[in-house]
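This is query_18.pdb. It holds PDB, C-alpha atoms.
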ATOM      1  CA  MET J   1      -0.388  -7.381 -22.038
ATOM      2  CA  GLU J   2       0.151  -5.148 -19.030
ATOM      3  CA  SER J   3       3.010  -2.684 -19.120
ATOM      4  CA  SER J   4       5.833  -3.243 -16.643
ATOM      5  CA  ARG J   5       5.664   0.455 -15.672
ATOM      6  CA  LEU J   6       2.851   2.873 -15.150
ATOM      7  CA  PRO J   7       2.433   5.610 -17.771
ATOM      8  CA  GLU J   8       3.845   9.028 -16.916
ATOM      9  CA  ASP J   9       1.246  11.428 -15.520
ATOM     10  CA  LYS J  10       1.110  14.445 -17.873
ATOM     11  CA  ASN J  11      -0.324  16.667 -15.145
ATOM     12  CA  LEU J  12       2.945  16.536 -13.183
ATOM     13  CA  ALA J  13       4.180  19.310 -15.479
ATOM     14  CA  TYR J  14       1.891  21.649 -13.520
ATOM     15  CA  LEU J  15       3.783  21.036 -10.268
ATOM     16  CA  PRO J  16       7.136  22.528  -9.271
ATOM     17  CA  SER J  17       9.924  20.260 -10.504
ATOM     18  CA  PHE J  18      10.995  19.083  -7.029
ATOM     19  CA  LEU J  19       7.417  18.003  -6.199
ATOM     20  CA  ALA J  20       7.077  16.206  -9.536
ATOM     21  CA  ALA J  21      10.391  14.450  -8.835
ATOM     22  CA  TYR J  22       9.094  13.471  -5.379
ATOM     23  CA  VAL J  23       5.941  11.954  -6.891
ATOM     24  CA  ARG J  24       7.965  10.015  -9.488
ATOM     25  CA  PHE J  25      10.408   8.771  -6.818
ATOM     26  CA  VAL J  26       7.663   7.605  -4.424
ATOM     27  CA  GLU J  27       5.696   5.929  -7.191
ATOM     28  CA  SER J  28       8.802   4.175  -8.468
ATOM     29  CA  ILE J  29       9.600   2.752  -5.022
ATOM     30  CA  ASN J  30       6.008   1.675  -4.390
ATOM     31  CA  PHE J  31       5.752   0.153  -7.855
ATOM     32  CA  TYR J  32       8.697  -2.197  -7.332
ATOM     33  CA  ILE J  33       7.826  -3.066  -3.736
ATOM     34  CA  GLY J  34       4.222  -3.704  -4.777
ATOM     35  CA  ARG J  35       5.304  -5.947  -7.637
ATOM     36  CA  PHE J  36       7.487  -7.895  -5.196
ATOM     37  CA  ALA J  37       4.642  -8.121  -2.662
ATOM     38  CA  MET J  38       2.336  -9.655  -5.281
ATOM     39  CA  TYR J  39       4.387 -12.827  -5.191
ATOM     40  CA  LEU J  40       4.155 -13.216  -1.419
ATOM     41  CA  ILE J  41       0.775 -14.856  -1.972
ATOM     42  CA  PHE J  42       2.631 -17.816  -3.490
ATOM     43  CA  LEU J  43       4.861 -18.031  -0.414
ATOM     44  CA  MET J  44       1.777 -18.118   1.779
ATOM     45  CA  LEU J  45       0.126 -20.753  -0.402
ATOM     46  CA  GLY J  46       3.296 -22.859  -0.307
ATOM     47  CA  ILE J  47       3.380 -22.692   3.478
ATOM     48  CA  LEU J  48      -0.285 -23.688   3.703
ATOM     49  CA  VAL J  49       0.153 -26.608   1.271
ATOM     50  CA  TYR J  50       3.177 -27.769   3.275
ATOM     51  CA  SER J  51       1.099 -27.469   6.446
ATOM     52  CA  SER J  52      -1.741 -29.530   4.938
ATOM     53  CA  VAL J  53       0.605 -32.274   3.775
ATOM     54  CA  THR J  54       2.471 -32.514   7.075
ATOM     55  CA  LYS J  55      -0.749 -32.515   9.101
ATOM     56  CA  THR J  56      -2.218 -35.273   6.928
ATOM     57  CA  PHE J  57       0.740 -37.617   6.504
ATOM     58  CA  PHE J  58       3.381 -36.630   9.072
ATOM     59  CA  LEU J  59       3.724 -34.766  12.340
ATOM     60  CA  PRO J  60       2.239 -31.264  12.116
ATOM     61  CA  SER J  61       4.620 -28.330  12.257
ATOM     62  CA  LEU J  62       4.190 -25.629  14.872
ATOM     63  CA  TRP J  63       5.321 -22.754  12.674
ATOM     64  CA  THR J  64       3.159 -23.041   9.557
ATOM     65  CA  LEU J  65      -0.036 -21.231  10.560
ATOM     66  CA  GLU J  66       1.711 -18.258  12.128
ATOM     67  CA  MET J  67       4.242 -17.998   9.303
ATOM     68  CA  ALA J  68       1.385 -18.002   6.768
ATOM     69  CA  GLN J  69      -0.243 -15.199   8.768
ATOM     70  CA  PHE J  70       3.016 -13.204   8.693
ATOM     71  CA  ALA J  71       3.284 -13.715   4.911
ATOM     72  CA  MET J  72      -0.313 -12.536   4.520
ATOM     73  CA  VAL J  73       0.352  -9.418   6.624
ATOM     74  CA  ALA J  74       3.423  -8.578   4.507
ATOM     75  CA  TYR J  75       1.432  -9.214   1.291
ATOM     76  CA  TYR J  76      -1.444  -7.014   2.399
ATOM     77  CA  MET J  77       0.565  -4.196   3.977
ATOM     78  CA  LEU J  78       3.288  -3.908   1.319
ATOM     79  CA  GLY J  79       0.686  -4.112  -1.453
ATOM     80  CA  GLY J  80      -1.402  -1.263  -0.034
ATOM     81  CA  PRO J  81       0.641   1.646  -1.434
ATOM     82  CA  TYR J  82       0.827  -0.088  -4.837
ATOM     83  CA  SER J  83      -2.946  -0.565  -4.808
ATOM     84  CA  MET J  84      -3.405   3.112  -4.006
ATOM     85  CA  GLN J  85      -0.991   4.039  -6.807
ATOM     86  CA  LEU J  86      -3.034   2.015  -9.317
ATOM     87  CA  ASN J  87      -6.263   3.508  -7.940
ATOM     88  CA  SER J  88      -7.553  -0.043  -7.471
ATOM     89  CA  HIS J  89      -8.510   0.207  -3.823
ATOM     90  CA  VAL J  90     -12.092  -0.217  -2.677
ATOM     91  CA  ARG J  91     -14.139   2.964  -2.909
ATOM     92  CA  MET J  92     -17.776   3.769  -2.142
ATOM     93  CA  ASP J  93     -19.017   4.833  -5.561
ATOM     94  CA  LEU J  94     -22.539   6.064  -4.915
ATOM     95  CA  VAL J  95     -22.038   9.569  -6.304
ATOM     96  CA  TYR J  96     -18.296   9.707  -6.991
ATOM     97  CA  GLY J  97     -18.476   7.870 -10.330
ATOM     98  CA  ASN J  98     -20.737  10.516 -11.857
ATOM     99  CA  TRP J  99     -18.453  13.442 -11.026
ATOM    100  CA  SER J 100     -16.114  15.114 -13.496
ATOM    101  CA  PRO J 101     -12.364  14.368 -13.196
ATOM    102  CA  ARG J 102     -11.766  17.870 -11.772
ATOM    103  CA  THR J 103     -14.452  17.443  -9.106
ATOM    104  CA  LYS J 104     -13.008  14.047  -8.195
ATOM    105  CA  ALA J 105      -9.538  15.604  -7.905
ATOM    106  CA  MET J 106     -10.876  18.431  -5.746
ATOM    107  CA  VAL J 107     -12.683  16.080  -3.345
ATOM    108  CA  ASP J 108      -9.774  13.602  -3.288
ATOM    109  CA  SER J 109      -7.225  16.322  -2.541
ATOM    110  CA  PHE J 110      -9.303  17.291   0.499
ATOM    111  CA  THR J 111     -10.237  13.828   1.798
ATOM    112  CA  VAL J 112      -6.691  12.502   1.499
ATOM    113  CA  ILE J 113      -5.779  14.849   4.361
ATOM    114  CA  PHE J 114      -7.834  12.639   6.694
ATOM    115  CA  LEU J 115      -5.967   9.578   5.448
ATOM    116  CA  ILE J 116      -2.625  11.296   6.030
ATOM    117  CA  VAL J 117      -3.596  12.230   9.607
ATOM    118  CA  TYR J 118      -4.737   8.648  10.247
ATOM    119  CA  LEU J 119      -1.498   7.225   8.815
ATOM    120  CA  VAL J 120       0.657   9.572  10.918
ATOM    121  CA  ILE J 121      -1.135   8.428  14.092
ATOM    122  CA  LEU J 122      -0.884   4.783  12.982
ATOM    123  CA  LEU J 123       2.825   5.172  12.244
ATOM    124  CA  TYR J 124       3.424   6.774  15.635
ATOM    125  CA  GLY J 125       1.774   3.810  17.371
ATOM    126  CA  GLY J 126       3.571   1.330  15.130
ATOM    127  CA  ILE J 127       6.972   2.826  15.885
ATOM    128  CA  SER J 128       6.193   2.730  19.602
ATOM    129  CA  SER J 129       5.141  -0.928  19.395
ATOM    130  CA  THR J 130       8.142  -1.859  17.255
ATOM    131  CA  SER J 131      10.620  -0.174  19.583
ATOM    132  CA  TYR J 132       9.076  -2.101  22.485
ATOM    133  CA  ALA J 133       9.381  -5.363  20.531
ATOM    134  CA  LEU J 134      13.036  -4.649  19.720
ATOM    135  CA  GLU J 135      13.953  -3.497  23.219
ATOM    136  CA  TYR J 136      12.341  -6.348  25.139
ATOM    137  CA  GLY J 137      12.542  -9.130  22.554
ATOM    138  CA  GLU J 138       8.762  -9.483  22.348
ATOM    139  CA  ARG J 139       7.568 -12.897  21.258
ATOM    140  CA  SER J 140       4.228 -14.292  20.166
ATOM    141  CA  TYR J 141       2.180 -16.209  22.729
ATOM    142  CA  SER J 142       1.897 -19.282  20.489
ATOM    143  CA  ALA J 143       3.739 -22.575  20.928
ATOM    144  CA  TRP J 144       6.243 -21.576  18.229
ATOM    145  CA  ARG J 145       6.968 -18.193  19.928
ATOM    146  CA  PRO J 146       8.517 -16.210  17.043
ATOM    147  CA  TYR J 147       9.957 -12.747  17.618
ATOM    148  CA  MET J 148       7.448 -10.044  16.722
ATOM    149  CA  ALA J 149       9.935  -7.321  15.733
ATOM    150  CA  PRO J 150      10.407  -8.422  12.076
ATOM    151  CA  ILE J 151       6.704  -8.289  11.201
ATOM    152  CA  LYS J 152       6.273  -5.043  13.132
ATOM    153  CA  LEU J 153       9.165  -3.526  11.167
ATOM    154  CA  ILE J 154       7.475  -4.570   7.920
ATOM    155  CA  MET J 155       4.220  -3.026   9.114
ATOM    156  CA  CYS J 156       5.933   0.282  10.003
ATOM    157  CA  LEU J 157       7.695   0.353   6.630
ATOM    158  CA  SER J 158       4.381  -0.298   4.890
ATOM    159  CA  ILE J 159       2.584   2.449   6.798
ATOM    160  CA  PHE J 160       5.415   4.850   5.953
ATOM    161  CA  LEU J 161       5.230   3.911   2.255
ATOM    162  CA  MET J 162       1.452   4.366   2.327
ATOM    163  CA  LEU J 163       1.956   7.811   3.882
ATOM    164  CA  LEU J 164       4.385   8.735   1.101
ATOM    165  CA  GLN J 165       1.956   7.419  -1.530
ATOM    166  CA  ALA J 166      -0.938   9.355   0.010
ATOM    167  CA  THR J 167       1.059  12.580  -0.228
ATOM    168  CA  ALA J 168       2.018  11.727  -3.822
ATOM    169  CA  VAL J 169      -1.641  11.132  -4.691
ATOM    170  CA  MET J 170      -2.564  14.451  -3.085
ATOM    171  CA  LEU J 171       0.105  16.214  -5.160
ATOM    172  CA  LYS J 172      -1.171  14.529  -8.327
ATOM    173  CA  ASP J 173      -4.696  15.709  -7.538
ATOM    174  CA  ILE J 174      -3.404  19.239  -6.985
ATOM    175  CA  ALA J 175      -1.601  19.018 -10.341
ATOM    176  CA  LYS J 176      -4.897  17.998 -12.001
ATOM    177  CA  LEU J 177      -6.541  21.054 -10.491
ATOM    178  CA  ARG J 178      -3.721  23.331 -11.679
ATOM    179  CA  ALA J 179      -3.839  21.949 -15.219
ATOM    180  CA  PRO J 180      -5.827  23.948 -17.780
ATOM    181  CA  LYS J 181      -9.463  22.927 -18.047
ATOM    182  CA  VAL J 182     -10.273  20.567 -20.895
ATOM    183  CA  SER J 183     -13.647  19.391 -22.073
ATOM    184  CA  GLU J 184     -15.097  16.191 -20.622
ATOM    185  CA  GLU J 185     -14.724  14.471 -23.977
ATOM    186  CA  GLU J 186     -10.978  15.181 -24.152
ATOM    187  CA  SER J 187     -10.349  14.224 -20.513
ATOM    188  CA  GLU J 188     -11.968  10.823 -21.011
ATOM    189  CA  GLY J 189     -10.091  10.184 -24.240
ATOM    190  CA  GLY J 190     -13.016  10.975 -26.551
ATOM    191  CA  VAL J 191     -14.594   7.552 -25.981
ATOM    192  CA  GLN J 192     -18.343   7.397 -25.450
TER
END

Show how you would write the structure in this file as structure tokens.
Amino acid sequence: MESSRLPEDKNLAYLPSFLAAYVRFVESINFYIGRFAMYLIFLMLGILVYSSVTKTFFLPSLWTLEMAQFAMVAYYMLGGPYSMQLNSHVRMDLVYGNWSPRTKAMVDSFTVIFLIVYLVILLYGGISSTSYALEYGERSYSAWRPYMAPIKLIMCLSIFLMLLQATAVMLKDIAKLRAPKVSEEESEGGVQ
């Protein structure tokens, strides 16, 4: 049975207390938002089942396809930081899997900088697009014509949470590097 909370990272003791508190705070927020976002898939499925039934037996609704797309965007975007927190995102594992935990932490603490730069640029563009949508009441070009501001707000929030999680992951990698060296057998739990 899966635990309702992630285990405490022991390496956080090697960070200053305010940085360790930041990592715990960000991971707590992303944990609960990610757990909420998991259930959005059922909302999307419900909308699509409703759409199928109404298209088969009744008059089709205009809103179902676009609303299912909005639910999928919220599911995907809000679940991203949680996926990163669990380290369950897709990764090219050609050489990475054979590296020691310290080497992985060293490479990850460097490469995450590129992710942070990308997320800052993405957030800047998202805020610009969202402010336009709010100011001018931007609507979709579909027959239903929903306002675009709500989904753009969710996207900006998600990008911001991903940015916070990326910095928390970088700090955790730095903490791993600051921790005293242990043998490979101890770091992997002694399991062969």

Distance in Å - atom CA of Pro180 of chain J versus atom CA of Leu19 of chain J
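Atom CA of Leu19 of chain J lies at a distance of 18.6 Å from atom CA of Pro180 of chain J.
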
A straight line from atom CA of Ser100 of chain J to atom CA of Val23 of chain J spans 23.2 Å

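Every residue that the PyMOL selection byres ((chain J and resi 67) around 10) selects in this file is listed here: Leu43, Met44, Ile47, Leu48, Leu62, Trp63, Thr64, Leu65, Glu66, Ala68, Gln69, Phe70, Ala71, Met72, Val73, Trp144 and Pro146 of chain J.
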
Write the residues of the selection above to a file with C-alpha atoms, as an mmCIF file, in the frame of the given file.
data_model
loop_
_atom_site.group_PDB
_atom_site.id
_atom_site.type_symbol
_atom_site.label_atom_id
_atom_site.label_comp_id
_atom_site.auth_asym_id
_atom_site.auth_seq_id
_atom_site.Cartn_x
_atom_site.Cartn_y
_atom_site.Cartn_z
ATOM 1 C CA LEU J 43 4.861 -18.031 -0.414
ATOM 2 C CA MET J 44 1.777 -18.118 1.779
ATOM 3 C CA ILE J 47 3.380 -22.692 3.478
ATOM 4 C CA LEU J 48 -0.285 -23.688 3.703
ATOM 5 C CA LEU J 62 4.190 -25.629 14.872
ATOM 6 C CA TRP J 63 5.321 -22.754 12.674
ATOM 7 C CA THR J 64 3.159 -23.041 9.557
ATOM 8 C CA LEU J 65 -0.036 -21.231 10.560
ATOM 9 C CA GLU J 66 1.711 -18.258 12.128
ATOM 10 C CA ALA J 68 1.385 -18.002 6.768
ATOM 11 C CA GLN J 69 -0.243 -15.199 8.768
ATOM 12 C CA PHE J 70 3.016 -13.204 8.693
ATOM 13 C CA ALA J 71 3.284 -13.715 4.911
ATOM 14 C CA MET J 72 -0.313 -12.536 4.520
ATOM 15 C CA VAL J 73 0.352 -9.418 6.624
ATOM 16 C CA TRP J 144 6.243 -21.576 18.229
ATOM 17 C CA PRO J 146 8.517 -16.210 17.043
#

Item to complete: Given the file shown, enumerate the residues that the PyMOL selection byres ((chain J and resi 109-122) around 9) captures and present them as a list in words.
Response: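 Residues picked by the PyMOL selection byres ((chain J and resi 109-122) around 9): Lys104, Ala105, Met106, Val107, Asp108, Leu123, Tyr124, Gly125, Gly126, Ile127, Cys156, Ile159, Phe160, Met162, Leu163, Leu164, Ala166, Thr167, Val169, Met170, Leu171, Lys172, Asp173 and Ile174 of chain J.
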
From atom CA of Tyr141 of chain J to atom CA of Leu59 of chain J the spacing works out at 21.3 Å

Can you list what the PyMOL selection byres ((chain J and resi 35-37) around 12) grabs from this structure, as a PDB file with C-alpha atoms, keeping the file's coordinate frame?
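Output below, filename part-v1.pdb:
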ATOM      1  CA  SER J   4       5.833  -3.243 -16.643  1.00  0.00           C
ATOM      2  CA  ARG J   5       5.664   0.455 -15.672  1.00  0.00           C
ATOM      3  CA  LEU J   6       2.851   2.873 -15.150  1.00  0.00           C
ATOM      4  CA  GLU J  27       5.696   5.929  -7.191  1.00  0.00           C
ATOM      5  CA  SER J  28       8.802   4.175  -8.468  1.00  0.00           C
ATOM      6  CA  ILE J  29       9.600   2.752  -5.022  1.00  0.00           C
ATOM      7  CA  ASN J  30       6.008   1.675  -4.390  1.00  0.00           C
ATOM      8  CA  PHE J  31       5.752   0.153  -7.855  1.00  0.00           C
ATOM      9  CA  TYR J  32       8.697  -2.197  -7.332  1.00  0.00           C
ATOM     10  CA  ILE J  33       7.826  -3.066  -3.736  1.00  0.00           C
ATOM     11  CA  GLY J  34       4.222  -3.704  -4.777  1.00  0.00           C
ATOM     12  CA  MET J  38       2.336  -9.655  -5.281  1.00  0.00           C
ATOM     13  CA  TYR J  39       4.387 -12.827  -5.191  1.00  0.00           C
ATOM     14  CA  LEU J  40       4.155 -13.216  -1.419  1.00  0.00           C
ATOM     15  CA  ILE J  41       0.775 -14.856  -1.972  1.00  0.00           C
ATOM     16  CA  PHE J  42       2.631 -17.816  -3.490  1.00  0.00           C
ATOM     17  CA  LEU J  43       4.861 -18.031  -0.414  1.00  0.00           C
ATOM     18  CA  MET J  44       1.777 -18.118   1.779  1.00  0.00           C
ATOM     19  CA  ALA J  71       3.284 -13.715   4.911  1.00  0.00           C
ATOM     20  CA  MET J  72      -0.313 -12.536   4.520  1.00  0.00           C
ATOM     21  CA  VAL J  73       0.352  -9.418   6.624  1.00  0.00           C
ATOM     22  CA  ALA J  74       3.423  -8.578   4.507  1.00  0.00           C
ATOM     23  CA  TYR J  75       1.432  -9.214   1.291  1.00  0.00           C
ATOM     24  CA  TYR J  76      -1.444  -7.014   2.399  1.00  0.00           C
ATOM     25  CA  MET J  77       0.565  -4.196   3.977  1.00  0.00           C
ATOM     26  CA  LEU J  78       3.288  -3.908   1.319  1.00  0.00           C
ATOM     27  CA  GLY J  79       0.686  -4.112  -1.453  1.00  0.00           C
ATOM     28  CA  GLY J  80      -1.402  -1.263  -0.034  1.00  0.00           C
ATOM     29  CA  PRO J  81       0.641   1.646  -1.434  1.00  0.00           C
ATOM     30  CA  TYR J  82       0.827  -0.088  -4.837  1.00  0.00           C
ATOM     31  CA  SER J  83      -2.946  -0.565  -4.808  1.00  0.00           C
ATOM     32  CA  GLN J  85      -0.991   4.039  -6.807  1.00  0.00           C
ATOM     33  CA  LEU J  86      -3.034   2.015  -9.317  1.00  0.00           C
ATOM     34  CA  ILE J 154       7.475  -4.570   7.920  1.00  0.00           C
ATOM     35  CA  SER J 158       4.381  -0.298   4.890  1.00  0.00           C
TER      36      SER J 158
END

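Compared by their closest atoms to Ala179 of chain J, and using only C-alpha atoms, the residues J:Leu161, J:Glu135, J:Pro101, J:Phe25 rank with J:Pro101 nearest.
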
- Task: Can you work out which one of J:Ser51, J:Gly46, J:Thr103, J:Ala143 has the shortest atom-to-atom distance to Lys181 of chain J, counting only C-alpha atoms?
- Result: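 That would be J:Thr103, the residue with the smallest distance to Lys181 of chain J.
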
Return as JSON the box centre and box size in Å, one decimal, for an axis-aligned box around all listed atoms of segment 111-130 of chain J padded by 5 Å per side.
{"center_x": -1.0, "center_y": 6.5, "center_z": 10.6, "size_x": 28.4, "size_y": 26.7, "size_z": 28.1}

N, CA, C and O atoms for segment 9-30 of chain J, written as a CSV table (one decimal), in the coordinates of the input, could you do that?
chain,number,residue,atom,x,y,z
J,9,ASP,N,2.4,10.5,-15.7
J,9,ASP,CA,1.2,11.4,-15.5
J,9,ASP,C,1.6,12.8,-16.1
J,9,ASP,O,2.5,13.5,-15.7
J,10,LYS,N,0.8,13.2,-17.2
J,10,LYS,CA,1.1,14.4,-17.9
J,10,LYS,C,0.9,15.7,-17.0
J,10,LYS,O,1.4,16.7,-17.2
J,11,ASN,N,0.0,15.5,-16.0
J,11,ASN,CA,-0.3,16.7,-15.1
J,11,ASN,C,0.8,17.1,-14.2
J,11,ASN,O,0.8,18.1,-13.6
J,12,LEU,N,1.8,16.2,-14.1
J,12,LEU,CA,2.9,16.5,-13.2
J,12,LEU,C,3.7,17.8,-13.7
J,12,LEU,O,4.4,18.4,-12.9
J,13,ALA,N,3.5,18.1,-14.9
J,13,ALA,CA,4.2,19.3,-15.5
J,13,ALA,C,3.6,20.6,-14.8
J,13,ALA,O,4.3,21.6,-14.9
J,14,TYR,N,2.5,20.5,-14.2
J,14,TYR,CA,1.9,21.6,-13.5
J,14,TYR,C,2.3,21.8,-12.0
J,14,TYR,O,1.7,22.6,-11.3
J,15,LEU,N,3.2,20.9,-11.6
J,15,LEU,CA,3.8,21.0,-10.3
J,15,LEU,C,5.2,21.6,-10.4
J,15,LEU,O,5.9,21.4,-11.4
J,16,PRO,N,5.7,22.2,-9.3
J,16,PRO,CA,7.1,22.5,-9.3
J,16,PRO,C,8.0,21.3,-9.5
J,16,PRO,O,7.6,20.2,-9.1
J,17,SER,N,9.1,21.4,-10.1
J,17,SER,CA,9.9,20.3,-10.5
J,17,SER,C,10.3,19.4,-9.3
J,17,SER,O,10.3,18.1,-9.5
J,18,PHE,N,10.6,19.9,-8.2
J,18,PHE,CA,11.0,19.1,-7.0
J,18,PHE,C,9.8,18.3,-6.5
J,18,PHE,O,10.0,17.1,-6.1
J,19,LEU,N,8.6,18.8,-6.6
J,19,LEU,CA,7.4,18.0,-6.2
J,19,LEU,C,7.1,16.9,-7.2
J,19,LEU,O,6.7,15.8,-6.9
J,20,ALA,N,7.3,17.2,-8.5
J,20,ALA,CA,7.1,16.2,-9.5
J,20,ALA,C,8.1,15.1,-9.4
J,20,ALA,O,7.8,13.9,-9.5
J,21,ALA,N,9.4,15.5,-9.1
J,21,ALA,CA,10.4,14.4,-8.8
J,21,ALA,C,10.1,13.6,-7.6
J,21,ALA,O,10.3,12.4,-7.6
J,22,TYR,N,9.5,14.2,-6.6
J,22,TYR,CA,9.1,13.5,-5.4
J,22,TYR,C,8.0,12.4,-5.7
J,22,TYR,O,8.1,11.3,-5.3
J,23,VAL,N,7.0,12.9,-6.5
J,23,VAL,CA,5.9,12.0,-6.9
J,23,VAL,C,6.5,10.8,-7.7
J,23,VAL,O,6.2,9.6,-7.5
J,24,ARG,N,7.4,11.1,-8.7
J,24,ARG,CA,8.0,10.0,-9.5
J,24,ARG,C,8.8,9.1,-8.6
J,24,ARG,O,8.7,7.8,-8.8
J,25,PHE,N,9.6,9.6,-7.7
J,25,PHE,CA,10.4,8.8,-6.8
J,25,PHE,C,9.6,7.8,-5.9
J,25,PHE,O,9.8,6.6,-5.9
J,26,VAL,N,8.5,8.4,-5.3
J,26,VAL,CA,7.7,7.6,-4.4
J,26,VAL,C,6.9,6.5,-5.2
J,26,VAL,O,6.9,5.4,-4.8
J,27,GLU,N,6.4,6.9,-6.4
J,27,GLU,CA,5.7,5.9,-7.2
J,27,GLU,C,6.6,4.8,-7.7
J,27,GLU,O,6.2,3.7,-7.9
J,28,SER,N,7.9,5.2,-8.0
J,28,SER,CA,8.8,4.2,-8.5
J,28,SER,C,9.1,3.2,-7.4
J,28,SER,O,9.1,1.9,-7.6
J,29,ILE,N,9.3,3.6,-6.2
J,29,ILE,CA,9.6,2.8,-5.0
J,29,ILE,C,8.4,1.8,-4.8
J,29,ILE,O,8.5,0.6,-4.6
J,30,ASN,N,7.2,2.5,-4.7
J,30,ASN,CA,6.0,1.7,-4.4
J,30,ASN,C,5.6,0.7,-5.5
J,30,ASN,O,5.1,-0.3,-5.3
